[in-house]
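Engineer: Can you read through this structure? Questions will come right after.
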Amino acid sequence: MALKMVKGSIDRMFDKNLQDLVRGIRNHKEDEAKYISQCIDEIKQELKQDNIAVKANAVCKLTYLQMLGYDISWAAFNIIEVMSASKFTFKRIGYLAASQCFHEGTDVIMLTTNQIRKDLSSPSQYDTGVALTGLSCFVTPDLARDLANDIMTLMSHTKPYIRKKAVLIMYKVFLKYPESLRPAFPRLKEKLEDPDPGVQSAAVNVICELARRNPKNYLSLAPLFFKLMTSSTNNWVLIKIIKLFGALTPLEPRLGKKLIEPLTNLIHSTSAMSLLYECVNTVIAVLISLSSGMPNHSASIQLCVQKLRILIEDSDQNLKYLGLLAMSKILRTHPKSVQAHKDLVLQCLDDKDESIRLRALDLLYGMVSKKNLVEIVKKLMSHVDKAEGTTYRDELLTKIIDICSQCNYQHITNFQWYISVLVELTRLEGTRHGHLIAAQMLDVAIRVKAIRKFAVSQMSALLDSAHLVASSTQRNGICEVLYAAAWICGEFSEHLQEPQQTLEAMLRPKVTTLPGHIQAVYVQNVVKLYASILQQKEQAAEPEAAQDVTQLMVERLPQFVQSADLEVQERASCVLQLVKHIQKLQAKDVPVAEEVSALFAGELNPVAPKAQKKVPVPEGLDLDAWINEPPSDSESEDEKPKAIFHDEEQRHAKQRQPEAEEEELARRREARKQEQANNPFYIKSSPSPQKRYQDMPGVEHIPVVQIDLSVPLKVPGMPVSDQYVKLQEEREHRQRPEKDRRRRKKKDKDKRGKPRRHSSLHTESDEDIAPAQRVDIVTEEMPENALPSDEDDKDPNDPYRALDVDLDRPLADSERLPVQKHRNAETTKSPEKEDVPFVEKKIKKPRKKEKKHREKEREKKEKRKEEKEGEDFDFWLSTAPLPAAAPAPAPVRARESLERTLSPLPLREGARSPGERSEATRTRTETMSGTPRRLRSIRRRSPRRRRRRRDPRTRRSPRRSSLQVKRRQSPWRTARSLTSLSRPCPATASWPRTPTSR
Amino acid sequence: MIQAILVFNNHGKPRLVRFYQRFPEEIQQQIVRETFHLVLKRDDNICNFLEGGSLIGGSDYKLIYRHYATLYFVFCVDSSESELGILDLIQVFVETLDKCFENVCELDLIFHMDKVHYILQEVVMGGMVLETNMNEIVAQIEAQNRLEKSEGPRL
């Protein structure tokens with residue numbers, strides 16, 4: 001035995017620890033994988049030893065390897081062994097490894113229940129803390145159920161350190177074991193008023209997370225939170241509470257009225273930008289909830305917009321970004337107040353920061369009107385040309401389309417212009433959104449009858465120059481537009497000027513390089529074109545010309561018949577036979593045009609995307625009832641091997657069960673839905689974007705090779721949308737009434753120096769612009785008695801649904817959390833249980849009982865209190881807003897809280913200059929192979945230097961009175977100054993940077 | 001809620017990977033790589049928020065990051081967190097590291113990944129902010145280190 005011990009300790013001397021492992025990996029750059037697999041073998045040996053220290057060391061190394069992407073789940077049992085070590089040092093290593101790699105699928109996790117329970121009730125607060133932290137990462141429904149009561153007890157621990165951890169972990173427990181929410185809630189609520197600010201903050205955190213998902217259940221807490229808001233000194237807590245109120249106000253407008261005054265006061269008084277921003281956000285939420293009925297809410301809007309403008313104009317990009325973000329929220333309900341800041345938003349479009357440009361784009365969506373649409377789109381088009389990254393360019397493209405098509409194209413006065421914009425967009429290289437443009441072209445052409453003539457002429461030009469669109473970008477999405485172009489030219493061929501030319505363009509050999517589905521559309525529409533040409537020629541009594549066209553068709557169609565795409569092949573074969581037949585008839589001088597055109601007679605109407613789904617099932621129709629006798633099982637068995645699409649067939653076979661129970665019916669319905677989804681001919685709603693994403697995993701990551709063309713592709717014969725800008729301006733000029741002109745003269749006097757066109761665009765009202773051509777936008781067809789509401793938007797798998805419980809209802813006995821006593825019988829299987837010393841259990845039991853009793857008492861009391869509060873809530877809301885004196889402490893609070901909570905950087909008097917770095921660190925960095933790369937903390941720079949860099953207004957002198965210091969140290973200022981400090985500066989720019997060092 | 005905390009260097013080498021939602025290891029590495037490529041192409045003087053990590057979360061999630069010398073500290077958070085608050089939290093975390101390691105540099109993070117985790121555990125727990133007061137955090141870390149020392153040498 002002793003020998004073994006000695007042997008063990010000698011072995012250990014040669015073991016690698018974490019540092020050795022890291023060093024080893026750094027020294028084996030060439031054969032890292034090989035080295036690591038060697039290390040894993042060593043670790044496996046170490047894990048086999050009895051010595052817990054060796055095991056812990058091995059597990060520690062495994063945690064590091066996990067970070068590098070190695071699966072360490074095979075060591076789960078060893079990790080549990082280390083977790084159950086008596087020494088804190090090892091326990092902590094074990095729990096860390098567990099928190100990194102355990103999850104619900106880890107089978108050995110059920111062995112941990114008793115160990116964790118033991119640690120939770122350990123006399124050492126750090127054992128408990130470490131267990132709580134670990135558990136928060138890998139809690140499973142079983143663990144949550146078994147440990148809920150223990151954790152709830154810890155919420156009343158004497159140490160605040162444990163209390164706050166226990167409070168936080170309760171959220172995870174609720175998620176995994178929703179039944180625990182009601183019994184634990186009273187105590188959680190109690191913690192909102194815990195003397196320790198950390199615990200209080202944790203409780204606010206948890207309740208905010210809960211309330212975010214199911215806000216209505218937490219309305220009754222509003223008075224309590226209101227009290228906290230006016231008394232708390234912690235910016236974190238304030239931010240959370242204010243965010244929570246933002247979620248609550250839509251449910252209770254009276255709450256909003258009460259909030260608006262203290263929030264406005266906070267906005268005025270606080271110097272913390274983060275708090276100010278959240279206040280503005282919540283005021284916006286309040287204002288949205290009170291759409292009317294508040295006399296002075298325009299003042300609040302103005303205040304918000306004004307504060308946001310300050311944010312947007314700030315040089316700090318973060319504030320700019322957030323300002324734009326909040327602005328878009330106002331836009332939804334109060335577009336007018338935001339539109340006044342159009343200049344600012346347009347300016348942000350030119351920002352170098354992509355995040356900011358994207359935010360500004362979002363805002364533009366709500367800012368367009370009939371008047372400025374052309375101008376804004378023109379600006380966006382110029383950005384499209386300039387944009388360097390494809391992602392941003394694609395974003396611009398979708399935004400242009402969104403902006404133009406919003407609300408049934410309500411802002412478009414000139415559809416010719418819009419078609420030209422779409423055509424111009426087809427010149428984009430390497431965009432993924434060809435299908436979007438195509439969909440728009442189709443939509444406009446179908447729904448705006450007046451534009452068809454123009455659209456057809458544009459589309460035929462596009463088809464003519466198809467080689468430009470399809471050549472370099474063959475595999476890109478842009479060739480999708482040819483799909484739309486072909487269809488439009490075919491369907492509305494009566495509008496074509498030169499149908500024969502288009503026909504020839506569509507029959508070019510180059511077409512066969514297009515994707516199959518586009519070729520299929522080509523083939524189909526070639527026939528439509530052909531039909532209309534035949535008709536024209538016959539009417540003009542030119543039988544030779546008609547025969548020539550037929551001959552052309554017979555010559556060219558075989559190229560499609562040879563297509564590898566089934567759809568193309570099939571259609572082409574049919575068409576070819578048809579044309580050959582016509583040729584025979586033509587030879588006999590039989591007029592055929594009438595009959596061929598009859599193939600495509602009738603108008604196609606647009607159908608609403610969800611129309612099919614909305615068709616109500618007629619009464620008495622059971623879709624799941626059998627029409628015929630269900631075939632026997634044996635029959636379907638025989639069918640199986642024959643089926644080509646065996647997947648589909650199997651589903652049918654499964655369905656053919658004679659019993660039709662409720663469950664069965666539901667399953668069938670599901671199967672039918674599935675089938676419909678797979679059936680390409682079933683007219684269905686457009687798939688949700690999420691689903692579409694699932695269908696084609698990883699499409700986003702396929703690198704798109706960017707083609708760098710120095711000369712932009714110019715398609716000859718295509719109109720440039722710019723000309724419409726001029727046209728519109730001219731028209732506006734003409735239409736402007738005399739009276740209006742006189743009035744403008746006056747205005748122009750005031751605005752001299754500004755560009756004239758701009759000012760006139762701003763001053764006009766929407767009604768002044770008459771559409772360029774008469775358009776009747778055909779609305780989409782919907783079936784009769786279709787329900788307008790959409791109930792299928794809700795996600796039935798929402799994990800937060802289970803937490804939607806009434807918290808004010810008194811607790812029933814059956815809902816109490818399972819206490820360990822119940823579990824003992826069940827957990828006898830668990831091997832860990834034997835490890836728990838018997839004595840300890842004995843002591844624990846009575847204590848538990850006592851506690852439980854106390855808990856019951858307290859809960860009863862709380863229930864009573866709660867009921868009273870529920871009544872109070874209405875009273876609290878109905879009372880008039882607090883007098884101005886009540887929120888008065890706000891400024892003081894804000895100032896006090898700054899230093900304490902967001903801990904701005906204290907001035908470091910003992911800061912060392914770079915030369916003074918400690919000897920130890922220097923030697924360390926010198927021995928390492930890598931170049932030392934220091935986090936540039938403030939400490940490293942000498943105080944004198946720093947002071948010079950800082951704006952004199954924000955300079956903090958340690959001699960100042962503490963209050964003054966606090967006022968200056970707003971957290972956002974700190975954030976900003978630090979951001980600026982983390983930028984390259986001369987002192988650090990000279991650091992050696994070798995790319996190979998790690 | 002915080003979904004993930006990632007620390008990696010200018011070359012994308014992970015220094016700390018902490019997910020609060022289960023992802024298999026290879027997906028974790030993919031996320032780290034994707035996040036690295038997202039933040040790498042951003043200048044230091046543009047905003048510290050970005051949307052559009054496709055692997056993690058969804059539209060509700062945002063990446064909030066700070067760049068210190070050679071290291072990126074990236075927090076992936078949902079809309080319940082205050083953006084500026086998280087920026088401050090990153091600062092608190094880094095300053096705490098600085099205090100605990102005395103002039104922290106990347107090498108500290110490389111060789112003491114476990115300690116960095118322990119520090120992080122005192123700041124964020126299970127994806128929720130546990131403590132923001134640096135003195136409190138440092139006090140708890142030091143107490144635990146003392147406890148560890150009192151238990152004798154690790155090996």
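Convention: chains lettered A, B, ... in structure tokens order; per-chain residue numbering from 1; ligands numbered from 1 as shown.
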With 7 Å as the limit and counting only C-alpha atoms, what residues in chain B lie close to chain A? Please list them as a PyMOL selection string.

Structural biologist: chain B and resi 16-17+20+22+25-26+29+44+46-48+50+68-70+84-85+88+104-106+111+121+125-126+130-134+148+151+154-155

Engineer: Within chain B, find each residue whose DSSP state, derived from the backbone, is alpha helix (DSSP H), and express the selection as a count of residues only.

Structural biologist: 69

Engineer: Just to confirm, what's the straight-line distance from CA of Gln21 in chain B to CA of Gly127 in chain B in Å (one decimal)?

Structural biologist: 8.5 Å

Engineer: Could you tell me how far CA of Met459 in chain A lies from CA of Ala564 in chain A, in Å and to one decimal?

Structural biologist: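 Taking CA of Met459 in chain A and CA of Ala564 in chain A, their separation equals 26.8 Å.
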
Engineer: So that I can check the surroundings of Val444 in chain A, please list as a VMD selection string every protein, DNA and RNA residue that reaches within 12 Å of it, counting only C-alpha atoms and ignoring chain neighbours fewer than 4 positions away.

Structural biologist: chain A and resid 401 404 to 405 408 to 409 412 414 to 420 422 437 to 440 448 to 456 484 488 606 775 to 779

Engineer: Write out as a PyMOL selection string the set of residues from chain B that DSSP, computed on the backbone, places in strand (DSSP E).

Structural biologist: chain B and resi 2-9+14-19+49-50+62-68+71-77+124-125+128-129
